Amino acid sequence: MAGNTITKPSDLSCTPSRAARELGLKRGEFDLAVHLGRIRTAPDEGGGGRSVAHAEIDRLRSTDGFPETLLESVRTVGTTDGAALMDVTSARFTRLARLGLVVPVKFYLNRYRAVVWLYLAEELRQFAADKNHTTLLNGRTPEGMRDQLREGLDLRSRNWRGRHLGFLLRQADGPWERAGALAALLDPVQVAEIVQDPYERAYLNRFRPDPPAHGAPGSAATHLAERIMTAEDPDEIGWLRADLAQVLDEARGHRPAPRPTAAPAAPRSTVERAAPRPTAELTQPRATAEPAGSPRTAEPVGPLASLSEHPPEQEPVPEPERSRGMLGWLRRRSA
């Protein structure tokens, strides 16, 4: 009967891999669409990460121009293709990126372990179409910007961190998760200065997301990704610390960090409490009074004492039985 049909959570949602196939996206494109908020996800009730509702997949499929519009919204380009898209040289495009005028959306490490920044093609087209940017694209770079570039300004890592933090905060389901997202961009030493309680710090680390995977754990590529993930500028560190302290106060009020409880001491048993303690009177033999001047002899103890009080009687030796026969008769005659 239709009224008795039980709908399981798996019937209402699907895994990210399956959702990517149904939407015609590669897994990297799907992850980027989730980061950008193009695809809405929800926590999996079974604790297996996040899932995508079938209603969300139906919503995306019903949009005009699907799947081309969805694919184009997550298309990324590197420096060379981005410069061609904006009709500028690669050197000018790099200067615009270092100044923070175009913001990378992701990065990867090539075989030489060099960082390759990727940008949304959709955002680059919008930047080039803005008439306020005509001088930046075709004219001479302003003097103030040239001075910043000569001093080594490079905002690509910082801008990517800000964008990545926005994604982490959108995925956070509570104050501890938001605190973990902020802590992910700070050095552990900075976090320890703010969260001095070791139990709170251990609990916070459970919600601290890992940096994007770019190699085996402990490899040079992984260390480079961790460095990109960690804030470096003093002002960036300052506002991250301030936000973390504020969110931590909210998290403590929402749910305190768990702490181990001391086990109560086991009570002494009734037999142990009632058992008398041994005294010297019980452990030492009692002295007996003796007449004055009598020599003191050692009293036997144990089995010897019983022998001294009741000496055993000697058993009589049986007489030899008289010899019978001829030999006995001859002995009697000679007697």
# chains A, B, ... in the order shown; residues from 1 in each chain; ligands from 1
$ residues_around --residues "Val247 of chain A" --least-positions-apart "2" --cutoff "8 Å" --atoms "only C-alpha atoms" --output "ChimeraX atom specification"
/A:175-176,178-179,243-245,249-251
$ write_last_selection --atoms "N, CA, C and O atoms" --output "compact mmCIF listing (two decimals), in the first residue's frame"
# COMPACT_ATOMS: atom_id res chain seq x y z
N PRO A 175 28.52 27.24 15.76
CA PRO A 175 29.62 28.13 16.16
C PRO A 175 30.96 27.42 16.25
O PRO A 175 32.00 28.01 15.93
N TRP A 176 30.98 26.17 16.70
CA TRP A 176 32.26 25.47 16.76
C TRP A 176 32.82 25.22 15.36
O TRP A 176 34.04 25.29 15.14
N ARG A 178 32.27 27.20 12.77
CA ARG A 178 32.77 28.50 12.30
C ARG A 178 34.11 28.83 12.95
O ARG A 178 35.01 29.39 12.29
N ALA A 179 34.24 28.51 14.23
CA ALA A 179 35.52 28.73 14.89
C ALA A 179 36.62 27.89 14.25
O ALA A 179 37.76 28.34 14.08
N ASP A 243 38.05 37.75 15.21
CA ASP A 243 36.85 36.98 14.87
C ASP A 243 36.82 35.64 15.58
O ASP A 243 35.76 35.19 16.03
N LEU A 244 37.98 35.00 15.70
CA LEU A 244 38.02 33.70 16.37
C LEU A 244 37.66 33.83 17.85
O LEU A 244 36.90 33.02 18.38
N ALA A 245 38.19 34.86 18.51
CA ALA A 245 37.86 35.06 19.93
C ALA A 245 36.37 35.31 20.11
O ALA A 245 35.74 34.81 21.07
N ASP A 249 33.55 32.66 22.08
CA ASP A 249 32.63 32.99 23.17
C ASP A 249 31.23 32.48 22.86
O ASP A 249 30.53 31.96 23.74
N GLU A 250 30.82 32.62 21.62
CA GLU A 250 29.50 32.10 21.23
C GLU A 250 29.47 30.58 21.30
O GLU A 250 28.46 29.99 21.73
N ALA A 251 30.57 29.93 20.89
CA ALA A 251 30.61 28.46 20.91
C ALA A 251 30.57 27.92 22.33
O ALA A 251 29.93 26.90 22.60
$ select_by_dssp --residues "segment 6-217 of chain A" --states "strand (DSSP E or B)" --output "MDAnalysis selection string"
chainID A and resid 13:14 42:43 50:53 76:77 106:109 115:120
$ write_last_selection --atoms "N, CA and C atoms" --output "tab-separated table (two decimals), in the first residue's frame"
chain	number	residue	atom	x	y	z
A	13	SER	N	18.17	12.18	-1.23
A	13	SER	CA	19.44	12.83	-1.54
A	13	SER	C	20.39	11.80	-2.13
A	14	CYS	N	21.52	12.28	-2.62
A	14	CYS	CA	22.52	11.41	-3.22
A	14	CYS	C	23.91	11.92	-2.87
A	42	ALA	N	23.78	19.63	1.88
A	42	ALA	CA	23.30	19.53	3.26
A	42	ALA	C	24.10	18.45	3.97
A	43	PRO	N	24.22	18.55	5.30
A	43	PRO	CA	24.93	17.49	6.04
A	43	PRO	C	24.22	16.16	5.89
A	50	ARG	N	28.66	15.37	3.21
A	50	ARG	CA	27.52	16.15	2.74
A	50	ARG	C	26.88	15.45	1.56
A	51	SER	N	25.64	15.78	1.34
A	51	SER	CA	24.87	15.16	0.27
A	51	SER	C	24.10	16.23	-0.48
A	52	VAL	N	23.57	15.85	-1.63
A	52	VAL	CA	22.80	16.77	-2.49
A	52	VAL	C	21.39	16.22	-2.63
A	53	ALA	N	20.42	17.06	-2.34
A	53	ALA	CA	19.03	16.63	-2.45
A	53	ALA	C	18.65	16.48	-3.92
A	76	THR	N	37.39	27.55	-15.33
A	76	THR	CA	38.55	28.29	-14.82
A	76	THR	C	39.63	28.34	-15.88
A	77	VAL	N	40.44	29.40	-15.81
A	77	VAL	CA	41.55	29.59	-16.75
A	77	VAL	C	42.77	30.03	-15.96
A	106	LYS	N	41.09	29.06	-7.24
A	106	LYS	CA	41.73	27.83	-6.81
A	106	LYS	C	43.17	27.84	-7.31
A	107	PHE	N	43.93	26.85	-6.89
A	107	PHE	CA	45.33	26.74	-7.33
A	107	PHE	C	45.73	25.27	-7.35
A	108	TYR	N	46.81	25.02	-8.04
A	108	TYR	CA	47.42	23.68	-8.00
A	108	TYR	C	48.92	23.85	-8.19
A	109	LEU	N	49.65	22.80	-7.92
A	109	LEU	CA	51.11	22.80	-8.04
A	109	LEU	C	51.49	21.96	-9.24
A	115	VAL	N	53.34	27.27	-8.00
A	115	VAL	CA	51.92	27.51	-7.80
A	115	VAL	C	51.31	28.05	-9.09
A	116	VAL	N	50.26	27.40	-9.53
A	116	VAL	CA	49.52	27.84	-10.71
A	116	VAL	C	48.14	28.29	-10.23
A	117	TRP	N	47.87	29.60	-10.38
A	117	TRP	CA	46.60	30.16	-9.94
A	117	TRP	C	45.58	30.06	-11.06
A	118	LEU	N	44.33	29.76	-10.68
A	118	LEU	CA	43.24	29.66	-11.64
A	118	LEU	C	42.17	30.67	-11.28
A	119	TYR	N	41.53	31.22	-12.33
A	119	TYR	CA	40.54	32.29	-12.18
A	119	TYR	C	39.26	31.89	-12.90
A	120	LEU	N	38.15	32.41	-12.41
A	120	LEU	CA	36.88	32.16	-13.07
A	120	LEU	C	36.81	32.95	-14.37
$ residues_around --residues "Arg241 of chain A" --least-positions-apart "4" --cutoff "12 Å" --atoms "only C-alpha atoms" --output "ChimeraX atom specification"
/A:179,181-195,231,234-237,245-248
$ atom_distance --atom1 "atom CA of Pro260 of chain A" --atom2 "atom CA of Tyr199 of chain A"
8.9 Å
$ atom_distance --atom1 "atom CA of Arg38 of chain A" --atom2 "atom CA of Leu240 of chain A"
26.3 Å
$ atom_distance --atom1 "atom CA of Phe30 of chain A" --atom2 "atom CA of Asn110 of chain A"
21.7 Å
$ residues_around --residues "Phe127 of chain A" --least-positions-apart "5" --cutoff "9 Å" --atoms "only C-alpha atoms" --output "PyMOL selection string"
chain A and resi 86+101-102+122+133
$ residues_around --residues "Leu25 of chain A" --least-positions-apart "3" --cutoff "12 Å" --atoms "only C-alpha atoms" --output "CSV table (one decimal) with C-alpha atoms, in the first residue's frame"
chain,number,residue,atom,x,y,z
A,16,PRO,CA,28.4,14.2,-4.4
A,17,SER,CA,29.9,11.8,-6.9
A,18,ARG,CA,26.5,10.7,-8.1
A,19,ALA,CA,25.2,14.3,-8.2
A,20,ALA,CA,28.2,15.3,-10.3
A,21,ARG,CA,27.4,12.6,-12.8
A,22,GLU,CA,23.7,13.5,-13.0
A,28,GLY,CA,36.6,19.1,-9.5
A,29,GLU,CA,33.9,21.2,-11.3
A,30,PHE,CA,31.3,20.0,-8.9
A,31,ASP,CA,33.4,20.8,-5.9
A,32,LEU,CA,34.0,24.3,-7.2
A,33,ALA,CA,30.3,24.8,-7.9
A,34,VAL,CA,29.6,23.9,-4.3
A,39,ILE,CA,25.0,23.9,-5.8
A,66,PHE,CA,21.4,23.7,-18.7
A,67,PRO,CA,24.0,22.2,-18.7
A,68,GLU,CA,26.1,24.8,-20.7
A,69,THR,CA,25.3,27.6,-18.3
A,70,LEU,CA,26.3,25.6,-15.3
A,71,LEU,CA,29.5,24.4,-16.9
A,72,GLU,CA,30.4,28.0,-18.0
A,73,SER,CA,29.9,29.3,-14.5
A,74,VAL,CA,32.6,27.0,-13.1
A,75,ARG,CA,35.1,27.2,-16.0
$ residues_around --residues "Gly162 of chain A" --least-positions-apart "3" --cutoff "10 Å" --atoms "only C-alpha atoms" --output "number ranges by chain"
A: 103, 157-159, 165-168, 185, 229, 231, 236
$ closest_residue --among "A:Gly238, A:Ala257, A:Asp154, A:Thr230" --to "Asn205 of chain A" --atoms "only C-alpha atoms"
A:Ala257
$ select_by_dssp --residues "segment 33-229 of chain A" --states "helix (DSSP H, G or I)" --output "compact mmCIF listing (two decimals) with N, CA and C atoms, in the first residue's frame"
# COMPACT_ATOMS: atom_id res chain seq x y z
N ALA A 33 31.69 24.30 -7.89
CA ALA A 33 30.32 24.82 -7.90
C ALA A 33 29.74 24.87 -6.49
N VAL A 34 30.07 23.88 -5.67
CA VAL A 34 29.62 23.89 -4.27
C VAL A 34 30.29 25.04 -3.53
N HIS A 35 31.61 25.23 -3.74
CA HIS A 35 32.34 26.32 -3.07
C HIS A 35 31.74 27.68 -3.42
N HIS A 54 17.78 15.52 -4.19
CA HIS A 54 17.30 15.35 -5.57
C HIS A 54 16.52 16.57 -6.03
N ALA A 55 15.89 17.27 -5.09
CA ALA A 55 15.18 18.50 -5.46
C ALA A 55 16.16 19.55 -5.96
N GLU A 56 17.35 19.60 -5.41
CA GLU A 56 18.37 20.55 -5.88
C GLU A 56 18.84 20.20 -7.28
N ILE A 57 19.00 18.93 -7.54
CA ILE A 57 19.39 18.50 -8.89
C ILE A 57 18.29 18.85 -9.90
N ASP A 58 17.05 18.64 -9.52
CA ASP A 58 15.93 18.99 -10.42
C ASP A 58 15.89 20.50 -10.66
N ARG A 59 16.20 21.29 -9.63
CA ARG A 59 16.20 22.74 -9.80
C ARG A 59 17.25 23.18 -10.81
N LEU A 60 18.45 22.62 -10.73
CA LEU A 60 19.52 22.98 -11.67
C LEU A 60 19.19 22.52 -13.09
N ARG A 61 18.59 21.37 -13.19
CA ARG A 61 18.25 20.88 -14.53
C ARG A 61 17.17 21.72 -15.20
N GLU A 68 24.99 23.86 -20.23
CA GLU A 68 26.06 24.77 -20.67
C GLU A 68 26.25 25.93 -19.70
N THR A 69 25.16 26.48 -19.20
CA THR A 69 25.29 27.62 -18.28
C THR A 69 25.99 27.22 -16.98
N LEU A 70 25.69 26.03 -16.49
CA LEU A 70 26.34 25.57 -15.26
C LEU A 70 27.82 25.30 -15.50
N LEU A 71 28.13 24.70 -16.63
CA LEU A 71 29.53 24.42 -16.95
C LEU A 71 30.32 25.71 -17.11
N GLU A 72 29.74 26.69 -17.76
CA GLU A 72 30.44 27.96 -17.99
C GLU A 72 30.64 28.72 -16.69
N SER A 73 29.73 28.56 -15.73
CA SER A 73 29.85 29.29 -14.47
C SER A 73 31.00 28.77 -13.61
N THR A 79 46.85 31.92 -16.22
CA THR A 79 47.31 33.27 -16.57
C THR A 79 47.26 33.51 -18.07
N THR A 80 47.74 32.57 -18.85
CA THR A 80 47.80 32.77 -20.31
C THR A 80 46.41 32.89 -20.90
N ASP A 81 45.54 31.94 -20.57
CA ASP A 81 44.18 31.99 -21.12
C ASP A 81 43.40 33.17 -20.56
N GLY A 82 43.65 33.51 -19.30
CA GLY A 82 42.97 34.67 -18.73
C GLY A 82 43.38 35.97 -19.41
N ALA A 83 44.66 36.10 -19.72
CA ALA A 83 45.13 37.30 -20.43
C ALA A 83 44.50 37.39 -21.82
N ALA A 84 44.40 36.26 -22.51
CA ALA A 84 43.78 36.25 -23.83
C ALA A 84 42.29 36.60 -23.74
N LEU A 85 41.64 36.13 -22.68
CA LEU A 85 40.22 36.42 -22.51
C LEU A 85 39.98 37.91 -22.26
N MET A 86 40.92 38.56 -21.56
CA MET A 86 40.79 39.98 -21.26
C MET A 86 41.48 40.86 -22.29
N SER A 90 50.21 38.75 -20.77
CA SER A 90 50.32 37.94 -19.55
C SER A 90 50.97 38.72 -18.41
N ALA A 91 51.93 39.60 -18.74
CA ALA A 91 52.58 40.40 -17.70
C ALA A 91 51.59 41.36 -17.05
N ARG A 92 50.75 41.99 -17.86
CA ARG A 92 49.75 42.91 -17.28
C ARG A 92 48.73 42.13 -16.46
N PHE A 93 48.33 40.97 -16.94
CA PHE A 93 47.37 40.17 -16.19
C PHE A 93 47.95 39.78 -14.82
N THR A 94 49.24 39.41 -14.80
CA THR A 94 49.87 39.06 -13.53
C THR A 94 49.92 40.25 -12.59
N ARG A 95 50.17 41.44 -13.13
CA ARG A 95 50.18 42.63 -12.27
C ARG A 95 48.80 42.89 -11.68
N LEU A 96 47.77 42.72 -12.49
CA LEU A 96 46.41 42.91 -11.98
C LEU A 96 46.08 41.90 -10.88
N ALA A 97 46.57 40.67 -11.04
CA ALA A 97 46.32 39.65 -10.02
C ALA A 97 47.09 39.94 -8.74
N ARG A 98 48.33 40.38 -8.87
CA ARG A 98 49.12 40.70 -7.68
C ARG A 98 48.53 41.88 -6.93
N ALA A 121 36.56 32.25 -15.45
CA ALA A 121 36.45 32.93 -16.75
C ALA A 121 35.30 33.93 -16.73
N GLU A 122 34.22 33.59 -16.07
CA GLU A 122 33.06 34.48 -16.00
C GLU A 122 33.42 35.81 -15.33
N GLU A 123 34.22 35.78 -14.26
CA GLU A 123 34.61 37.01 -13.57
C GLU A 123 35.58 37.83 -14.41
N LEU A 124 36.46 37.19 -15.14
CA LEU A 124 37.41 37.94 -15.99
C LEU A 124 36.68 38.67 -17.11
N ARG A 125 35.66 38.04 -17.67
CA ARG A 125 34.89 38.72 -18.72
C ARG A 125 34.14 39.93 -18.15
N GLN A 126 33.61 39.77 -16.93
CA GLN A 126 32.91 40.90 -16.31
C GLN A 126 33.88 42.04 -16.01
N PHE A 127 35.10 41.73 -15.57
CA PHE A 127 36.08 42.77 -15.29
C PHE A 127 36.46 43.51 -16.57
N ALA A 128 36.65 42.77 -17.64
CA ALA A 128 37.04 43.41 -18.90
C ALA A 128 35.91 44.23 -19.49
N ALA A 129 34.66 43.85 -19.23
CA ALA A 129 33.54 44.58 -19.79
C ALA A 129 33.23 45.86 -19.03
N LYS A 131 33.67 49.50 -17.97
CA LYS A 131 34.36 50.64 -18.58
C LYS A 131 35.27 51.35 -17.59
N ASN A 132 35.03 51.18 -16.30
CA ASN A 132 35.90 51.81 -15.32
C ASN A 132 37.30 51.19 -15.28
N HIS A 133 37.46 50.05 -15.91
CA HIS A 133 38.74 49.36 -15.91
C HIS A 133 39.52 49.55 -17.21
N THR A 134 39.04 50.44 -18.06
CA THR A 134 39.70 50.61 -19.36
C THR A 134 41.14 51.06 -19.20
N THR A 135 41.41 51.99 -18.28
CA THR A 135 42.78 52.47 -18.09
C THR A 135 43.68 51.36 -17.55
N LEU A 136 43.16 50.55 -16.65
CA LEU A 136 43.95 49.46 -16.10
C LEU A 136 44.29 48.42 -17.16
N LEU A 137 43.42 48.25 -18.14
CA LEU A 137 43.64 47.25 -19.16
C LEU A 137 44.50 47.76 -20.32
N ASN A 138 44.36 49.02 -20.65
CA ASN A 138 45.05 49.54 -21.84
C ASN A 138 46.04 50.65 -21.55
N GLU A 143 50.93 55.28 -10.67
CA GLU A 143 52.22 55.30 -9.97
C GLU A 143 52.15 54.59 -8.62
N GLY A 144 51.08 54.83 -7.88
CA GLY A 144 50.96 54.17 -6.57
C GLY A 144 50.96 52.65 -6.68
N MET A 145 50.28 52.13 -7.67
CA MET A 145 50.27 50.69 -7.87
C MET A 145 51.64 50.18 -8.29
N ARG A 146 52.35 50.92 -9.11
CA ARG A 146 53.70 50.51 -9.51
C ARG A 146 54.63 50.45 -8.31
N ASP A 147 54.48 51.41 -7.38
CA ASP A 147 55.30 51.38 -6.17
C ASP A 147 55.00 50.14 -5.33
N GLN A 148 53.73 49.78 -5.21
CA GLN A 148 53.38 48.58 -4.45
C GLN A 148 53.96 47.32 -5.09
N LEU A 149 53.93 47.27 -6.41
CA LEU A 149 54.48 46.11 -7.09
C LEU A 149 56.00 46.03 -6.91
N ARG A 150 56.66 47.18 -6.93
CA ARG A 150 58.11 47.18 -6.71
C ARG A 150 58.47 46.75 -5.29
N ARG A 156 47.58 37.54 -4.16
CA ARG A 156 46.88 36.37 -4.68
C ARG A 156 46.58 35.35 -3.58
N SER A 157 47.57 35.06 -2.75
CA SER A 157 47.34 34.09 -1.67
C SER A 157 46.30 34.61 -0.68
N ARG A 158 46.43 35.87 -0.30
CA ARG A 158 45.50 36.43 0.68
C ARG A 158 44.08 36.47 0.13
N ASN A 159 43.91 36.86 -1.12
CA ASN A 159 42.57 36.91 -1.69
C ASN A 159 41.98 35.51 -1.83
N TRP A 160 42.83 34.54 -2.16
CA TRP A 160 42.31 33.17 -2.22
C TRP A 160 41.86 32.72 -0.83
N ARG A 161 42.62 33.03 0.22
CA ARG A 161 42.23 32.65 1.58
C ARG A 161 40.90 33.27 1.96
N GLY A 162 40.71 34.54 1.62
CA GLY A 162 39.44 35.18 1.93
C GLY A 162 38.28 34.50 1.22
N ARG A 163 38.50 34.10 -0.01
CA ARG A 163 37.45 33.41 -0.75
C ARG A 163 37.20 32.02 -0.17
N HIS A 164 38.27 31.34 0.18
CA HIS A 164 38.12 30.00 0.75
C HIS A 164 37.45 30.05 2.11
N LEU A 165 37.75 31.07 2.90
CA LEU A 165 37.11 31.21 4.21
C LEU A 165 35.60 31.41 4.05
N GLY A 166 35.20 32.17 3.04
CA GLY A 166 33.78 32.33 2.79
C GLY A 166 33.10 31.01 2.51
N PHE A 167 33.76 30.13 1.76
CA PHE A 167 33.20 28.82 1.49
C PHE A 167 33.09 28.00 2.78
N LEU A 168 34.14 28.02 3.61
CA LEU A 168 34.13 27.25 4.85
C LEU A 168 33.02 27.73 5.79
N LEU A 169 32.82 29.03 5.85
CA LEU A 169 31.79 29.57 6.73
C LEU A 169 30.39 29.23 6.22
N ARG A 170 30.22 29.17 4.91
CA ARG A 170 28.92 28.77 4.37
C ARG A 170 28.59 27.32 4.69
N GLN A 171 29.62 26.47 4.77
CA GLN A 171 29.41 25.06 5.07
C GLN A 171 29.30 24.78 6.57
N PRO A 175 28.52 27.24 15.76
CA PRO A 175 29.62 28.13 16.16
C PRO A 175 30.96 27.42 16.25
N TRP A 176 30.98 26.17 16.70
CA TRP A 176 32.26 25.47 16.76
C TRP A 176 32.82 25.22 15.36
N GLU A 177 31.95 24.94 14.40
CA GLU A 177 32.40 24.77 13.02
C GLU A 177 32.93 26.08 12.44
N ARG A 178 32.27 27.20 12.77
CA ARG A 178 32.77 28.50 12.30
C ARG A 178 34.11 28.83 12.95
N ALA A 179 34.24 28.51 14.23
CA ALA A 179 35.52 28.73 14.89
C ALA A 179 36.62 27.89 14.25
N GLY A 180 36.30 26.65 13.89
CA GLY A 180 37.27 25.81 13.22
C GLY A 180 37.69 26.35 11.86
N ALA A 181 36.74 26.96 11.14
CA ALA A 181 37.07 27.55 9.84
C ALA A 181 38.03 28.72 10.00
N LEU A 182 37.82 29.56 11.01
CA LEU A 182 38.73 30.67 11.25
C LEU A 182 40.10 30.18 11.70
N ALA A 183 40.10 29.15 12.56
CA ALA A 183 41.38 28.62 13.04
C ALA A 183 42.17 27.97 11.93
N PRO A 188 49.10 27.42 14.18
CA PRO A 188 48.74 26.80 15.47
C PRO A 188 49.22 27.58 16.68
N VAL A 189 50.34 28.29 16.55
CA VAL A 189 50.82 29.10 17.67
C VAL A 189 49.85 30.24 17.96
N GLN A 190 49.31 30.85 16.91
CA GLN A 190 48.33 31.91 17.09
C GLN A 190 47.06 31.37 17.75
N VAL A 191 46.65 30.19 17.34
CA VAL A 191 45.45 29.59 17.92
C VAL A 191 45.66 29.28 19.39
N ALA A 192 46.86 28.77 19.74
CA ALA A 192 47.15 28.43 21.14
C ALA A 192 47.14 29.66 22.03
N GLU A 193 47.52 30.82 21.49
CA GLU A 193 47.49 32.04 22.29
C GLU A 193 46.06 32.47 22.59
N ILE A 194 45.14 32.18 21.70
CA ILE A 194 43.74 32.57 21.90
C ILE A 194 43.00 31.51 22.70
N PRO A 198 43.61 23.53 27.03
CA PRO A 198 43.96 22.41 26.14
C PRO A 198 42.76 21.59 25.71
N TYR A 199 41.73 21.47 26.56
CA TYR A 199 40.55 20.69 26.18
C TYR A 199 39.74 21.43 25.11
N GLU A 200 39.64 22.74 25.24
CA GLU A 200 38.96 23.51 24.19
C GLU A 200 39.74 23.47 22.89
N ARG A 201 41.06 23.53 22.99
CA ARG A 201 41.88 23.51 21.78
C ARG A 201 41.76 22.17 21.06
N ALA A 202 41.75 21.08 21.83
CA ALA A 202 41.59 19.76 21.22
C ALA A 202 40.21 19.62 20.57
N TYR A 203 39.19 20.16 21.23
CA TYR A 203 37.85 20.09 20.66
C TYR A 203 37.74 20.95 19.41
N LEU A 204 38.38 22.12 19.42
CA LEU A 204 38.36 22.99 18.25
C LEU A 204 39.03 22.33 17.06
N ASN A 205 40.11 21.59 17.29
CA ASN A 205 40.83 20.95 16.19
C ASN A 205 39.97 19.91 15.47
N ALA A 220 56.74 18.07 0.24
CA ALA A 220 57.00 19.49 0.01
C ALA A 220 55.77 20.20 -0.56
N ALA A 221 55.02 19.50 -1.41
CA ALA A 221 53.81 20.10 -1.97
C ALA A 221 52.77 20.38 -0.88
N THR A 222 52.65 19.45 0.07
CA THR A 222 51.70 19.65 1.16
C THR A 222 52.12 20.83 2.03
N HIS A 223 53.41 20.94 2.33
CA HIS A 223 53.89 22.07 3.14
C HIS A 223 53.63 23.40 2.43
N LEU A 224 53.80 23.42 1.10
CA LEU A 224 53.54 24.64 0.35
C LEU A 224 52.06 25.01 0.39
N ALA A 225 51.19 24.00 0.28
CA ALA A 225 49.75 24.27 0.36
C ALA A 225 49.38 24.79 1.75
N GLU A 226 50.00 24.24 2.80
CA GLU A 226 49.73 24.73 4.15
C GLU A 226 50.20 26.16 4.33
N ARG A 227 51.30 26.51 3.70
CA ARG A 227 51.79 27.89 3.80
C ARG A 227 50.85 28.86 3.11
N ILE A 228 50.30 28.46 1.97
CA ILE A 228 49.33 29.31 1.27
C ILE A 228 48.06 29.45 2.11
N MET A 229 47.72 28.40 2.83
CA MET A 229 46.50 28.40 3.64
C MET A 229 46.64 29.28 4.88
$ decode --residues "segment 125-171 of chain A" --atoms "C-alpha atoms" --output "PDB file, in the first residue's frame"
ATOM      1  CA  ARG A 125      34.888  38.724 -18.716  1.00  0.00           C
ATOM      2  CA  GLN A 126      32.913  40.900 -16.310  1.00  0.00           C
ATOM      3  CA  PHE A 127      36.080  42.773 -15.290  1.00  0.00           C
ATOM      4  CA  ALA A 128      37.039  43.409 -18.903  1.00  0.00           C
ATOM      5  CA  ALA A 129      33.539  44.580 -19.792  1.00  0.00           C
ATOM      6  CA  ASP A 130      33.523  47.237 -17.039  1.00  0.00           C
ATOM      7  CA  LYS A 131      34.356  50.640 -18.577  1.00  0.00           C
ATOM      8  CA  ASN A 132      35.903  51.809 -15.317  1.00  0.00           C
ATOM      9  CA  HIS A 133      38.742  49.356 -15.909  1.00  0.00           C
ATOM     10  CA  THR A 134      39.701  50.614 -19.361  1.00  0.00           C
ATOM     11  CA  THR A 135      42.782  52.467 -18.088  1.00  0.00           C
ATOM     12  CA  LEU A 136      43.955  49.456 -16.103  1.00  0.00           C
ATOM     13  CA  LEU A 137      43.643  47.247 -19.164  1.00  0.00           C
ATOM     14  CA  ASN A 138      45.045  49.536 -21.843  1.00  0.00           C
ATOM     15  CA  GLY A 139      46.720  52.506 -20.163  1.00  0.00           C
ATOM     16  CA  ARG A 140      49.708  53.010 -17.933  1.00  0.00           C
ATOM     17  CA  THR A 141      49.554  51.484 -14.447  1.00  0.00           C
ATOM     18  CA  PRO A 142      49.078  54.245 -11.834  1.00  0.00           C
ATOM     19  CA  GLU A 143      52.218  55.300  -9.972  1.00  0.00           C
ATOM     20  CA  GLY A 144      50.962  54.168  -6.571  1.00  0.00           C
ATOM     21  CA  MET A 145      50.267  50.685  -7.874  1.00  0.00           C
ATOM     22  CA  ARG A 146      53.701  50.506  -9.513  1.00  0.00           C
ATOM     23  CA  ASP A 147      55.302  51.383  -6.168  1.00  0.00           C
ATOM     24  CA  GLN A 148      53.383  48.579  -4.447  1.00  0.00           C
ATOM     25  CA  LEU A 149      54.484  46.111  -7.091  1.00  0.00           C
ATOM     26  CA  ARG A 150      58.113  47.184  -6.708  1.00  0.00           C
ATOM     27  CA  GLU A 151      57.827  46.590  -2.942  1.00  0.00           C
ATOM     28  CA  GLY A 152      56.763  43.005  -3.627  1.00  0.00           C
ATOM     29  CA  LEU A 153      53.009  43.245  -3.128  1.00  0.00           C
ATOM     30  CA  ASP A 154      51.256  40.005  -4.040  1.00  0.00           C
ATOM     31  CA  LEU A 155      47.669  39.589  -2.833  1.00  0.00           C
ATOM     32  CA  ARG A 156      46.877  36.369  -4.681  1.00  0.00           C
ATOM     33  CA  SER A 157      47.340  34.089  -1.668  1.00  0.00           C
ATOM     34  CA  ARG A 158      45.504  36.426   0.678  1.00  0.00           C
ATOM     35  CA  ASN A 159      42.574  36.906  -1.695  1.00  0.00           C
ATOM     36  CA  TRP A 160      42.305  33.172  -2.219  1.00  0.00           C
ATOM     37  CA  ARG A 161      42.233  32.652   1.581  1.00  0.00           C
ATOM     38  CA  GLY A 162      39.436  35.178   1.926  1.00  0.00           C
ATOM     39  CA  ARG A 163      37.447  33.412  -0.752  1.00  0.00           C
ATOM     40  CA  HIS A 164      38.125  29.999   0.747  1.00  0.00           C
ATOM     41  CA  LEU A 165      37.105  31.214   4.205  1.00  0.00           C
ATOM     42  CA  GLY A 166      33.778  32.335   2.795  1.00  0.00           C
ATOM     43  CA  PHE A 167      33.195  28.815   1.492  1.00  0.00           C
ATOM     44  CA  LEU A 168      34.130  27.248   4.851  1.00  0.00           C
ATOM     45  CA  LEU A 169      31.790  29.566   6.734  1.00  0.00           C
ATOM     46  CA  ARG A 170      28.915  28.772   4.372  1.00  0.00           C
ATOM     47  CA  GLN A 171      29.415  25.063   5.069  1.00  0.00           C
TER      48      GLN A 171
END
